[in-house]
Amino acid sequence: MHLTQRFFNQEAKYQDKICFSSRGQTSWVTLSWREVGNYVRAVMSGLRSRGIQPGDRVLLLAENRPEWAIFDLAIMGIGAYVVPAYTTHTKADLNHILDLVTPVAAITSSAELSSRIVESSSGYPGLKYLWAEDPGVTPINTGNEIHPWSDLLLCETSNHELCEWDHDDICALILTSGTSGLPKAAMLTHRSIGSNVDDALKILTEHNFGDEDRFLSFLPLAHAYEHTAGLHMPISMGAEIWFCESTDKLQHYLPEVRPSVATAVPRLYDLLYGRINAQLKSAPKSKQWLFSKTLALGKKRVNGQKLSITEILLDSLLDKLVRAKVRERFGGRIRYFISGGAALNPEVGEFFTALGVGIIQGYGQTEASPLISVNKPSWIKIDSCGQPFDRTEISLADDGELLVRGPSLMKGYWDDEKATDEAIKNGWLHTGDLATIDDDGFVRIVGRKKDLIVTSGGDNIAPSKLEATLSSQPEIEQAVVFGDSRPWLGAVLVPSPEILSANGKSDSIGQQLQSAVDRVNVNLSQAERIRKFVVQEDICSTDNGLLTPTQKVKRTAVLERNSKQIAELY
């Protein structure tokens with residue numbers, strides 16, 4: 001079914017029920033399904049009145065908010081292709097996107113983002129229209145006016161019929177993360193996203209998720225994961241979506257929104273895990289004991305171990321004394337966080353599950369719209385990313401690379417036939433991820449094929465597991481492991497902000513990082529152990545170009561930046 005038609009079907013069903021909500025200056029502002037539907041029809045009419053045709057590309061650059069979703073639905077509704085961009089994209093990033101997908105129009109929000117679009121499009125004459133929430137930016141391209149959002153949102157709804165379409169028509173060009181080069185644009189279709197949503201809904205409805213749930217959308221909607229699981233999936237559920245415009249407001253919004261479901265990337269859990277453990281160090285001994293006991297009993301339950309009668313009673317008491325306070329940090333109503341985007345550290349997953357915060361880990365790729373496998377609430381293996389969806393086939397190549405086939409695969413990469421042929425062969429998506437599949441069909445990702453480290457001694461080591469374990473230590477914020485063609489492994493370590501603020505001397509920082517590395521090394525094989533490390537004091541971020549918009553560290557960029565110090569270690 002056409003994705004916009006899905007929305008209209010739900011609008012007819014739910015009418016005045018809350019659909020979207022966003023934070024105003026003093027309180028949350030809600031929109032009903034009927035109100036959102038009227039805006040979608042208005043924008044469809046407005047885009048058509050400006051001559052936007054089926055197959056035209058429309059760039060969408062804005063924070064998470066109801067208007068983002070409204071524009072997305074309207075662009076798809078007239079048969080144009082939505083091209084979501086990240087608010088963290090630089091001028092150079094936007095130049096690449098404009099050259100790649102040649103949009104005829106762009107919709108943006110703030111004056112700062114509008115300026116970035118204007119500057120990027122100065123050498124690109126193909127951008128005919130620009131709509132902005134704040135149009136107070138002087139355009140560089142002669143003859144190109146910047147129009148206010150109201151021109152679209154308040155347009156007369158005279159031409160809002162759904163476009164003629166086919167299941168395999170493209171509806172969105174979603175950019176890949178670009179960890180190892182320039183982003184490509186995956187051509188996702190109504191069928192690929194729709195089948196992904198339907199397969200996920202089958203699992204969710206079996207476990208009593210539905211139109212009474214409230215989603216908090218805080219991952220960038222430009223991410224394929226949030227676009228599907230945080231927008232189109234809850235629309236198909238009839239659930240509410242409350243938008244958080246930036247992750248730095250998440251802690252403030254959680255107790256206000258009190259969501260029952262949210263999608264998140266492992267980076268969030270790693271940060272919270274580190275903060276909680278750091279806070280415990282300075283807590284009273286009595287509080288440390290209560291927390292430790294709660295964790296121990298919770299882990300026994302998670303691992304299927306039987307609790308004694310005394311332990312059951314104590315666990316029930318600790319649920320009120322400790323777990324309830326942890327849940328309150330997330331609003332008090334959270335049923336599950338759906339984790340994806342990268343592998344979840346099993347230790348971190350077990351930690352939060354034992355504390356009563358449910359985490360359902362899944363796995364996916366932009367090229368698969370994006371969900372491929374997921375743990376079901378009734379059967380979770382916390383160290384895995386679950387079983388494939390019913391209509392998704394998986395297989396392992398001879399070298400251990402995970403191959404995927406099914407209705408959710410992309411049509412290919414926009415204007416890149418060579419890359420498409422390399423990614424999809426004989427109907428199978430070659431994910432580039434090394435994996436294992438157990439007898440129950442649960443998938444475990446070992447690491448990226450291209451990141452595999454082969455030491456001079458012939459050991460093959462996937463660095464992602466080591467990096468996740470290092471980053472889970474309270475002293476370490478981020479880690480990148482190196483050692484390809486070398487006799488042993490080393491790491492670039494970014495100290496936690498707490499370590500940096502408490503220690504002015506580099507030797508003290510080094511000693512604390514060494515203690516963290518020693519703790520990790522105890523549980524590693526000889527070949528996996530970190531022998532030496534380089535300290536990078538500034539955190540990898542999108543601002544310094546060391547972090548992708550999807551919160552993945554750019555390994556190559558970090559290693560290049562520290563190449564001189566790394567060479568000196570050997």
# chains A, B, ... in the order shown; residues from 1 in each chain; ligands from 1
>>> closest_atom_pairs(of="range 368-473 of chain A", to="range 223-247 of chain A", cutoff="12 Å", atoms="only C-alpha atoms", output="CSV")
residue,atom,partner,partner_atom,distance
A:Ala368,CA,A:Ala224,CA,9.1
A:Ser369,CA,A:Ala224,CA,6.4
A:Pro370,CA,A:Tyr225,CA,5.9
A:Leu371,CA,A:Tyr225,CA,7.4
A:Ile372,CA,A:Tyr225,CA,10.9
A:Ser408,CA,A:Thr228,CA,11.3
A:Met410,CA,A:Ala224,CA,11.4
>>> closest_atom_pairs(of="range 248-282 of chain A", to="range 27-48 of chain A", cutoff="12 Å", atoms="only C-alpha atoms", output="CSV")
residue,atom,partner,partner_atom,distance
A:Tyr253,CA,A:Trp28,CA,10.1
A:Glu256,CA,A:Trp28,CA,8.8
A:Val257,CA,A:Trp28,CA,8.7
>>> residues_around(residues="range 282-290 of chain A", least_positions_apart="4", cutoff="12 Å", atoms="only C-alpha atoms", output="short mmCIF file (atom, residue, chain, number, x, y, z; two decimals) with all heavy atoms, in the first residue's frame")
data_model
loop_
_atom_site.label_atom_id
_atom_site.label_comp_id
_atom_site.auth_asym_id
_atom_site.auth_seq_id
_atom_site.Cartn_x
_atom_site.Cartn_y
_atom_site.Cartn_z
N ARG A 275 27.57 6.73 32.87
CA ARG A 275 27.20 7.75 33.86
C ARG A 275 26.70 7.11 35.16
O ARG A 275 27.05 7.54 36.25
CB ARG A 275 26.12 8.66 33.28
CG ARG A 275 26.65 9.66 32.27
CD ARG A 275 25.52 10.45 31.64
NE ARG A 275 26.00 11.23 30.50
CZ ARG A 275 25.20 11.80 29.61
NH1 ARG A 275 23.89 11.67 29.72
NH2 ARG A 275 25.70 12.50 28.61
N ILE A 276 25.86 6.08 35.02
CA ILE A 276 25.31 5.43 36.22
C ILE A 276 26.44 4.81 37.04
O ILE A 276 26.48 4.95 38.27
CB ILE A 276 24.26 4.37 35.83
CG1 ILE A 276 23.01 5.05 35.25
CG2 ILE A 276 23.88 3.51 37.02
CD1 ILE A 276 22.00 4.11 34.64
N ASN A 277 27.35 4.12 36.38
CA ASN A 277 28.47 3.50 37.10
C ASN A 277 29.39 4.53 37.73
O ASN A 277 29.91 4.33 38.83
CB ASN A 277 29.26 2.58 36.16
CG ASN A 277 28.57 1.24 35.96
OD1 ASN A 277 28.23 0.56 36.92
ND2 ASN A 277 28.35 0.85 34.72
N ALA A 278 29.59 5.66 37.03
CA ALA A 278 30.43 6.72 37.59
C ALA A 278 29.78 7.33 38.83
O ALA A 278 30.45 7.61 39.83
CB ALA A 278 30.68 7.79 36.53
N THR A 294 20.34 -5.54 43.35
CA THR A 294 19.30 -5.45 42.31
C THR A 294 19.82 -5.98 40.99
O THR A 294 19.14 -6.75 40.29
CB THR A 294 18.85 -3.98 42.13
OG1 THR A 294 18.44 -3.45 43.38
CG2 THR A 294 17.72 -3.89 41.13
N LEU A 295 21.03 -5.59 40.66
CA LEU A 295 21.65 -6.02 39.40
C LEU A 295 21.87 -7.53 39.39
O LEU A 295 21.57 -8.21 38.40
CB LEU A 295 22.99 -5.28 39.23
CG LEU A 295 23.52 -5.06 37.82
CD1 LEU A 295 22.50 -4.36 36.95
CD2 LEU A 295 24.81 -4.25 37.88
N ALA A 296 22.38 -8.06 40.50
CA ALA A 296 22.69 -9.50 40.57
C ALA A 296 21.42 -10.34 40.43
O ALA A 296 21.39 -11.32 39.67
CB ALA A 296 23.39 -9.81 41.89
N LEU A 297 20.35 -9.96 41.15
CA LEU A 297 19.11 -10.73 41.07
C LEU A 297 18.44 -10.56 39.71
O LEU A 297 17.88 -11.51 39.15
CB LEU A 297 18.15 -10.28 42.18
CG LEU A 297 18.58 -10.61 43.61
CD1 LEU A 297 17.61 -10.03 44.62
CD2 LEU A 297 18.69 -12.12 43.80
N LEU A 314 13.10 -10.37 48.15
CA LEU A 314 14.05 -9.26 48.11
C LEU A 314 14.01 -8.56 46.75
O LEU A 314 14.02 -7.32 46.67
CB LEU A 314 15.47 -9.76 48.39
CG LEU A 314 16.60 -8.72 48.36
CD1 LEU A 314 16.33 -7.60 49.37
CD2 LEU A 314 17.95 -9.38 48.63
N ASP A 315 13.89 -9.36 45.69
CA ASP A 315 13.85 -8.79 44.33
C ASP A 315 12.61 -7.91 44.16
O ASP A 315 12.67 -6.84 43.53
CB ASP A 315 13.83 -9.93 43.30
CG ASP A 315 14.03 -9.43 41.88
OD1 ASP A 315 15.03 -8.75 41.62
OD2 ASP A 315 13.16 -9.70 41.04
N LEU A 317 11.09 -6.25 46.55
CA LEU A 317 11.35 -5.02 47.31
C LEU A 317 12.28 -4.09 46.55
O LEU A 317 12.04 -2.88 46.47
CB LEU A 317 11.94 -5.38 48.67
CG LEU A 317 12.34 -4.20 49.58
CD1 LEU A 317 11.11 -3.37 49.94
CD2 LEU A 317 13.06 -4.70 50.83
N LEU A 318 13.33 -4.68 45.96
CA LEU A 318 14.30 -3.88 45.21
C LEU A 318 13.68 -3.28 43.94
O LEU A 318 14.13 -2.24 43.46
CB LEU A 318 15.52 -4.74 44.84
CG LEU A 318 16.40 -5.17 46.02
CD1 LEU A 318 17.45 -6.18 45.57
CD2 LEU A 318 17.08 -3.96 46.66
N ASP A 319 12.65 -3.94 43.43
CA ASP A 319 11.96 -3.40 42.26
C ASP A 319 11.35 -2.03 42.59
O ASP A 319 11.35 -1.12 41.76
CB ASP A 319 10.87 -4.37 41.80
CG ASP A 319 10.38 -4.08 40.40
OD1 ASP A 319 11.21 -4.13 39.47
OD2 ASP A 319 9.19 -3.76 40.24
N LYS A 320 10.86 -1.90 43.82
CA LYS A 320 10.26 -0.63 44.25
C LYS A 320 11.32 0.38 44.68
O LYS A 320 11.18 1.58 44.44
CB LYS A 320 9.28 -0.88 45.39
CG LYS A 320 8.08 -1.73 44.99
CD LYS A 320 7.22 -2.08 46.18
CE LYS A 320 6.06 -2.98 45.76
NZ LYS A 320 5.27 -3.44 46.93
N LEU A 321 12.38 -0.11 45.32
CA LEU A 321 13.39 0.79 45.85
C LEU A 321 14.39 1.27 44.80
O LEU A 321 14.87 2.41 44.87
CB LEU A 321 14.17 0.09 46.98
CG LEU A 321 13.40 -0.24 48.26
CD1 LEU A 321 14.29 -1.02 49.22
CD2 LEU A 321 12.89 1.04 48.92
N VAL A 322 14.71 0.42 43.83
CA VAL A 322 15.78 0.73 42.87
C VAL A 322 15.26 0.82 41.43
O VAL A 322 15.40 1.84 40.76
CB VAL A 322 16.93 -0.30 42.96
CG1 VAL A 322 18.02 0.04 41.94
CG2 VAL A 322 17.51 -0.33 44.36
N ARG A 323 14.63 -0.26 40.95
CA ARG A 323 14.24 -0.29 39.54
C ARG A 323 13.23 0.79 39.21
O ARG A 323 13.27 1.37 38.12
CB ARG A 323 13.69 -1.67 39.17
CG ARG A 323 14.73 -2.78 39.20
CD ARG A 323 14.24 -4.05 38.53
NE ARG A 323 15.19 -5.12 38.77
CZ ARG A 323 15.06 -6.04 39.74
NH1 ARG A 323 14.00 -6.01 40.53
NH2 ARG A 323 15.97 -6.97 39.91
N LEU A 355 17.83 -4.09 35.29
CA LEU A 355 17.30 -2.94 36.04
C LEU A 355 15.86 -2.61 35.65
O LEU A 355 15.32 -1.59 36.08
CB LEU A 355 18.19 -1.72 35.83
CG LEU A 355 19.59 -1.80 36.44
CD1 LEU A 355 20.40 -0.57 36.07
CD2 LEU A 355 19.52 -1.96 37.95
#
>>> atom_distance(atom1="CA of Ile566 in chain A", atom2="CA of Leu500 in chain A")
21.3 Å
>>> closest_atom_pairs(of="range 425-512 of chain A", to="range 534-548 of chain A", cutoff="7 Å", atoms="only C-alpha atoms", output="CSV")
residue,atom,partner,partner_atom,distance
A:Ala491,CA,A:Val534,CA,6.3
A:Val492,CA,A:Val534,CA,4.7
A:Leu493,CA,A:Val535,CA,5.1
A:Val494,CA,A:Gln536,CA,5.0
A:Pro495,CA,A:Glu537,CA,6.3
>>> write_last_selection(atoms="N, CA, C and O atoms", output="PDB file, in the first residue's frame")
ATOM      1  N   ALA A 491      44.956   0.979  20.600  1.00  0.00           N
ATOM      2  CA  ALA A 491      43.675   1.674  20.521  1.00  0.00           C
ATOM      3  C   ALA A 491      43.859   3.177  20.683  1.00  0.00           C
ATOM      4  O   ALA A 491      44.759   3.624  21.401  1.00  0.00           O
ATOM      5  N   VAL A 492      43.017   3.925  19.987  1.00  0.00           N
ATOM      6  CA  VAL A 492      42.878   5.354  20.246  1.00  0.00           C
ATOM      7  C   VAL A 492      41.743   5.478  21.261  1.00  0.00           C
ATOM      8  O   VAL A 492      40.632   5.016  21.003  1.00  0.00           O
ATOM      9  N   LEU A 493      42.039   6.064  22.424  1.00  0.00           N
ATOM     10  CA  LEU A 493      41.050   6.173  23.490  1.00  0.00           C
ATOM     11  C   LEU A 493      40.699   7.635  23.752  1.00  0.00           C
ATOM     12  O   LEU A 493      41.590   8.474  23.881  1.00  0.00           O
ATOM     13  N   VAL A 494      39.411   7.906  23.820  1.00  0.00           N
ATOM     14  CA  VAL A 494      38.930   9.235  24.200  1.00  0.00           C
ATOM     15  C   VAL A 494      38.467   9.143  25.653  1.00  0.00           C
ATOM     16  O   VAL A 494      37.531   8.393  25.956  1.00  0.00           O
ATOM     17  N   PRO A 495      39.105   9.860  26.585  1.00  0.00           N
ATOM     18  CA  PRO A 495      38.704   9.784  27.997  1.00  0.00           C
ATOM     19  C   PRO A 495      37.299  10.357  28.202  1.00  0.00           C
ATOM     20  O   PRO A 495      36.853  11.226  27.449  1.00  0.00           O
TER      21      PRO A 495
END
>>> residues_around(residues="Ile117 in chain A", least_positions_apart="3", cutoff="12 Å", atoms="only C-alpha atoms", output="mmCIF file with C-alpha atoms, in the first residue's frame")
data_model
loop_
_atom_site.group_PDB
_atom_site.id
_atom_site.type_symbol
_atom_site.label_atom_id
_atom_site.label_comp_id
_atom_site.auth_asym_id
_atom_site.auth_seq_id
_atom_site.Cartn_x
_atom_site.Cartn_y
_atom_site.Cartn_z
ATOM 1 C CA LEU A 59 15.392 17.765 -0.093
ATOM 2 C CA LEU A 60 14.097 17.810 3.486
ATOM 3 C CA LEU A 61 16.404 19.395 6.074
ATOM 4 C CA ALA A 62 14.866 19.993 9.502
ATOM 5 C CA ALA A 85 19.269 15.270 5.058
ATOM 6 C CA TYR A 86 20.809 15.598 8.509
ATOM 7 C CA THR A 87 20.861 18.910 10.353
ATOM 8 C CA HIS A 89 25.396 18.004 7.374
ATOM 9 C CA THR A 90 28.052 20.524 6.460
ATOM 10 C CA LYS A 91 28.070 22.702 3.349
ATOM 11 C CA ALA A 92 30.400 20.145 1.712
ATOM 12 C CA ASP A 93 27.978 17.316 2.576
ATOM 13 C CA LEU A 94 25.073 19.245 1.087
ATOM 14 C CA ASN A 95 27.071 20.054 -2.049
ATOM 15 C CA HIS A 96 27.620 16.308 -2.531
ATOM 16 C CA ILE A 97 23.909 15.562 -2.005
ATOM 17 C CA LEU A 98 22.806 18.288 -4.424
ATOM 18 C CA PRO A 103 16.655 18.087 -6.228
ATOM 19 C CA ALA A 105 13.183 21.918 -4.287
ATOM 20 C CA ALA A 106 14.243 21.994 -0.650
ATOM 21 C CA ILE A 107 12.316 22.382 2.596
ATOM 22 C CA THR A 108 14.223 23.532 5.643
ATOM 23 C CA SER A 109 13.530 25.026 9.067
ATOM 24 C CA SER A 110 15.807 27.450 10.918
ATOM 25 C CA ALA A 111 17.556 30.476 9.462
ATOM 26 C CA GLU A 112 20.894 28.748 10.060
ATOM 27 C CA LEU A 113 19.875 25.649 8.083
ATOM 28 C CA SER A 114 18.296 27.800 5.379
ATOM 29 C CA SER A 120 25.377 25.089 -0.925
ATOM 30 C CA SER A 121 22.984 25.746 -3.804
ATOM 31 C CA SER A 122 24.833 28.851 -5.012
ATOM 32 C CA GLY A 123 26.674 26.772 -7.589
ATOM 33 C CA TYR A 124 23.718 24.566 -8.363
ATOM 34 C CA LEU A 127 17.170 24.112 -7.108
ATOM 35 C CA TYR A 129 12.191 26.335 -4.870
ATOM 36 C CA LEU A 130 13.153 26.689 -1.227
ATOM 37 C CA TRP A 131 10.627 26.706 1.609
ATOM 38 C CA ALA A 132 11.739 27.644 5.113
ATOM 39 C CA PRO A 135 12.466 32.715 5.273
ATOM 40 C CA VAL A 137 17.672 34.621 4.461
ATOM 41 C CA THR A 138 18.886 36.451 1.378
ATOM 42 C CA PRO A 139 19.054 33.992 -1.522
ATOM 43 C CA ILE A 140 22.272 33.815 -3.526
ATOM 44 C CA ASN A 141 20.755 32.310 -6.681
ATOM 45 C CA ILE A 146 12.632 31.639 -0.248
#
>>> select_by_dssp(residues="range 42-274 of chain A", states="alpha helix (DSSP H)", output="JSON, numbers by chain")
{"A": [42, 43, 44, 45, 46, 47, 48, 49, 66, 67, 68, 69, 70, 71, 72, 73, 74, 75, 76, 77, 91, 92, 93, 94, 95, 96, 97, 98, 99, 100, 101, 111, 112, 113, 114, 115, 116, 117, 118, 119, 120, 150, 151, 152, 153, 190, 191, 192, 193, 194, 195, 196, 197, 198, 199, 200, 201, 202, 203, 204, 205, 206, 224, 225, 226, 227, 233, 234, 235, 236, 237, 250, 251, 252, 253, 254, 255, 256, 257, 266, 267, 268, 269, 270, 271, 272, 273, 274]}
>>> write_last_selection(atoms="C-alpha atoms", output="mmCIF file, in the first residue's frame")
data_model
loop_
_atom_site.group_PDB
_atom_site.id
_atom_site.type_symbol
_atom_site.label_atom_id
_atom_site.label_comp_id
_atom_site.auth_asym_id
_atom_site.auth_seq_id
_atom_site.Cartn_x
_atom_site.Cartn_y
_atom_site.Cartn_z
ATOM 1 C CA ALA A 42 -2.562 21.244 1.838
ATOM 2 C CA VAL A 43 1.138 20.560 1.245
ATOM 3 C CA MET A 44 0.351 18.131 -1.572
ATOM 4 C CA SER A 45 -1.699 20.873 -3.261
ATOM 5 C CA GLY A 46 1.000 23.473 -2.607
ATOM 6 C CA LEU A 47 3.788 21.362 -4.086
ATOM 7 C CA ARG A 48 1.717 20.602 -7.179
ATOM 8 C CA SER A 49 0.848 24.273 -7.646
ATOM 9 C CA PRO A 66 5.424 17.223 13.139
ATOM 10 C CA GLU A 67 6.103 19.336 10.031
ATOM 11 C CA TRP A 68 8.934 16.958 9.045
ATOM 12 C CA ALA A 69 6.481 14.053 8.968
ATOM 13 C CA ILE A 70 3.813 16.128 7.204
ATOM 14 C CA PHE A 71 6.230 17.143 4.428
ATOM 15 C CA ASP A 72 7.483 13.550 4.113
ATOM 16 C CA LEU A 73 3.953 12.196 3.655
ATOM 17 C CA ALA A 74 2.989 14.966 1.215
ATOM 18 C CA ILE A 75 6.102 14.623 -0.960
ATOM 19 C CA MET A 76 5.491 10.872 -1.251
ATOM 20 C CA GLY A 77 1.784 11.524 -1.797
ATOM 21 C CA LYS A 91 28.070 22.702 3.349
ATOM 22 C CA ALA A 92 30.400 20.145 1.712
ATOM 23 C CA ASP A 93 27.978 17.316 2.576
ATOM 24 C CA LEU A 94 25.073 19.245 1.087
ATOM 25 C CA ASN A 95 27.071 20.054 -2.049
ATOM 26 C CA HIS A 96 27.620 16.308 -2.531
ATOM 27 C CA ILE A 97 23.909 15.562 -2.005
ATOM 28 C CA LEU A 98 22.806 18.288 -4.424
ATOM 29 C CA ASP A 99 25.192 16.976 -7.100
ATOM 30 C CA LEU A 100 24.111 13.382 -6.488
ATOM 31 C CA VAL A 101 20.309 13.590 -6.421
ATOM 32 C CA ALA A 111 17.556 30.476 9.462
ATOM 33 C CA GLU A 112 20.894 28.748 10.060
ATOM 34 C CA LEU A 113 19.875 25.649 8.083
ATOM 35 C CA SER A 114 18.296 27.800 5.379
ATOM 36 C CA SER A 115 21.572 29.713 5.044
ATOM 37 C CA ARG A 116 23.458 26.448 4.669
ATOM 38 C CA ILE A 117 21.136 25.355 1.865
ATOM 39 C CA VAL A 118 21.415 28.763 0.162
ATOM 40 C CA GLU A 119 25.226 28.681 0.321
ATOM 41 C CA SER A 120 25.377 25.089 -0.925
ATOM 42 C CA SER A 150 2.763 28.699 5.486
ATOM 43 C CA ASP A 151 2.648 28.789 1.655
ATOM 44 C CA LEU A 152 2.461 24.998 1.812
ATOM 45 C CA LEU A 153 0.800 24.245 5.145
ATOM 46 C CA HIS A 190 6.573 1.919 -1.066
ATOM 47 C CA ARG A 191 6.878 -1.865 -1.131
ATOM 48 C CA SER A 192 10.254 -2.060 0.625
ATOM 49 C CA ILE A 193 9.351 0.278 3.504
ATOM 50 C CA GLY A 194 5.766 -1.017 3.679
ATOM 51 C CA SER A 195 6.809 -4.662 3.910
ATOM 52 C CA ASN A 196 9.360 -3.737 6.574
ATOM 53 C CA VAL A 197 6.644 -2.014 8.596
ATOM 54 C CA ASP A 198 4.187 -4.907 8.150
ATOM 55 C CA ASP A 199 6.719 -7.524 9.262
ATOM 56 C CA ALA A 200 7.620 -5.480 12.334
ATOM 57 C CA LEU A 201 3.938 -4.874 13.152
ATOM 58 C CA LYS A 202 3.221 -8.589 13.064
ATOM 59 C CA ILE A 203 5.681 -9.061 15.930
ATOM 60 C CA LEU A 204 4.572 -5.982 17.861
ATOM 61 C CA THR A 205 0.843 -6.756 17.714
ATOM 62 C CA GLU A 206 1.545 -10.306 18.944
ATOM 63 C CA ALA A 224 16.400 5.000 7.618
ATOM 64 C CA TYR A 225 15.917 3.367 11.026
ATOM 65 C CA GLU A 226 13.947 6.270 12.517
ATOM 66 C CA HIS A 227 12.152 6.991 9.232
ATOM 67 C CA MET A 233 5.634 2.024 11.829
ATOM 68 C CA PRO A 234 3.813 3.953 14.603
ATOM 69 C CA ILE A 235 1.581 5.562 11.939
ATOM 70 C CA SER A 236 0.551 2.071 10.836
ATOM 71 C CA MET A 237 -0.044 1.166 14.510
ATOM 72 C CA LEU A 250 16.079 13.909 25.680
ATOM 73 C CA GLN A 251 16.691 13.715 29.428
ATOM 74 C CA HIS A 252 14.431 16.732 29.970
ATOM 75 C CA TYR A 253 11.656 15.433 27.697
ATOM 76 C CA LEU A 254 11.466 11.807 28.899
ATOM 77 C CA PRO A 255 9.646 12.552 32.192
ATOM 78 C CA GLU A 256 7.312 14.990 30.393
ATOM 79 C CA VAL A 257 6.396 12.700 27.490
ATOM 80 C CA PRO A 266 23.560 1.696 21.413
ATOM 81 C CA ARG A 267 25.518 4.911 21.917
ATOM 82 C CA LEU A 268 22.703 6.154 24.188
ATOM 83 C CA TYR A 269 22.880 3.082 26.434
ATOM 84 C CA ASP A 270 26.686 3.212 26.535
ATOM 85 C CA LEU A 271 26.563 6.831 27.756
ATOM 86 C CA LEU A 272 23.929 6.108 30.406
ATOM 87 C CA TYR A 273 25.755 2.954 31.508
ATOM 88 C CA GLY A 274 28.966 4.922 31.996
#
>>> select_by_dssp(residues="range 191-398 of chain A", states="strand (DSSP E or B)", output="ChimeraX atom specification")
/A:214-217,240-243,261-264,336-339,359-364,371-374,376,379,387-388,393-396
>>> write_last_selection(atoms="C-alpha atoms", output="tab-separated table (two decimals), in the first residue's frame")
chain	number	residue	atom	x	y	z
A	214	ARG	CA	3.28	6.53	22.66
A	215	PHE	CA	6.53	6.78	20.70
A	216	LEU	CA	9.23	9.32	21.42
A	217	SER	CA	11.08	10.17	18.20
A	240	GLU	CA	1.08	8.69	19.06
A	241	ILE	CA	4.43	10.18	18.02
A	242	TRP	CA	5.98	12.85	20.23
A	243	PHE	CA	8.98	14.57	18.65
A	261	VAL	CA	8.29	2.94	23.20
A	262	ALA	CA	11.34	4.65	21.69
A	263	THR	CA	13.94	3.73	19.12
A	264	ALA	CA	17.56	4.32	20.07
A	336	TYR	CA	10.85	-1.23	25.51
A	337	PHE	CA	13.61	0.63	23.80
A	338	ILE	CA	14.13	-0.75	20.29
A	339	SER	CA	17.89	-0.73	19.73
A	359	ILE	CA	15.70	-3.47	25.30
A	360	ILE	CA	14.75	-5.21	22.05
A	361	GLN	CA	17.83	-5.34	19.85
A	362	GLY	CA	17.46	-5.57	16.11
A	363	TYR	CA	19.71	-5.37	13.08
A	364	GLY	CA	19.32	-3.66	9.77
A	371	LEU	CA	15.08	-3.80	9.48
A	372	ILE	CA	16.38	-7.33	8.88
A	373	SER	CA	16.16	-9.15	12.21
A	374	VAL	CA	14.89	-8.48	15.72
A	376	LYS	CA	10.94	-10.73	20.13
A	379	TRP	CA	12.33	-14.65	23.29
A	387	GLN	CA	15.82	-13.66	14.21
A	388	PRO	CA	15.02	-12.52	10.66
A	393	GLU	CA	15.86	-14.82	4.05
A	394	ILE	CA	19.39	-14.78	5.42
A	395	SER	CA	22.47	-16.79	4.57
A	396	LEU	CA	26.21	-16.72	5.20
>>> residues_around(residues="Ser456 in chain A", least_positions_apart="4", cutoff="6 Å", atoms="only C-alpha atoms", output="count of residues only")
3
>>> atom_distance(atom1="CA of Gly332 in chain A", atom2="CA of Gly358 in chain A")
12.1 Å
>>> closest_residue(among="A:Phe8, A:Gly341, A:Cys171, A:Val104", to="Lys411 in chain A", atoms="only C-alpha atoms")
A:Cys171
>>> atom_distance(atom1="CA of Leu429 in chain A", atom2="CA of Met1 in chain A")
23.5 Å
>>> residues_around(residues="Glu367 in chain A", least_positions_apart="5", cutoff="12 Å", atoms="only C-alpha atoms", output="MDAnalysis selection string")
chainID A and resid 172:177 184:189 192:193 196 223:225 372 403:414 419:420 423:424 428:432
>>> residues_around(residues="range 463-468 of chain A", least_positions_apart="6", cutoff="8 Å", atoms="only C-alpha atoms", output="PyMOL selection string")
chain A and resi 344-345+446-448+451-453+478-482+528
>>> write_last_selection(atoms="C-alpha atoms", output="PDB file, in the first residue's frame")
ATOM      1  CA  LEU A 344      24.594  -3.452  21.405  1.00  0.00           C
ATOM      2  CA  ASN A 345      27.240  -4.419  23.948  1.00  0.00           C
ATOM      3  CA  VAL A 446      30.880 -10.080  14.448  1.00  0.00           C
ATOM      4  CA  GLY A 447      31.965  -6.853  12.727  1.00  0.00           C
ATOM      5  CA  ARG A 448      32.363  -5.084   9.420  1.00  0.00           C
ATOM      6  CA  ASP A 451      37.225  -3.296   9.260  1.00  0.00           C
ATOM      7  CA  LEU A 452      38.608  -6.780   9.974  1.00  0.00           C
ATOM      8  CA  ILE A 453      42.106  -6.544  11.443  1.00  0.00           C
ATOM      9  CA  GLN A 478      35.075   6.290  22.757  1.00  0.00           C
ATOM     10  CA  ALA A 479      37.590   3.814  21.372  1.00  0.00           C
ATOM     11  CA  VAL A 480      39.032   2.840  17.998  1.00  0.00           C
ATOM     12  CA  VAL A 481      41.165  -0.294  17.813  1.00  0.00           C
ATOM     13  CA  PHE A 482      44.034  -0.650  15.314  1.00  0.00           C
ATOM     14  CA  GLU A 528      42.784  -9.555  21.298  1.00  0.00           C
TER      15      GLU A 528
END
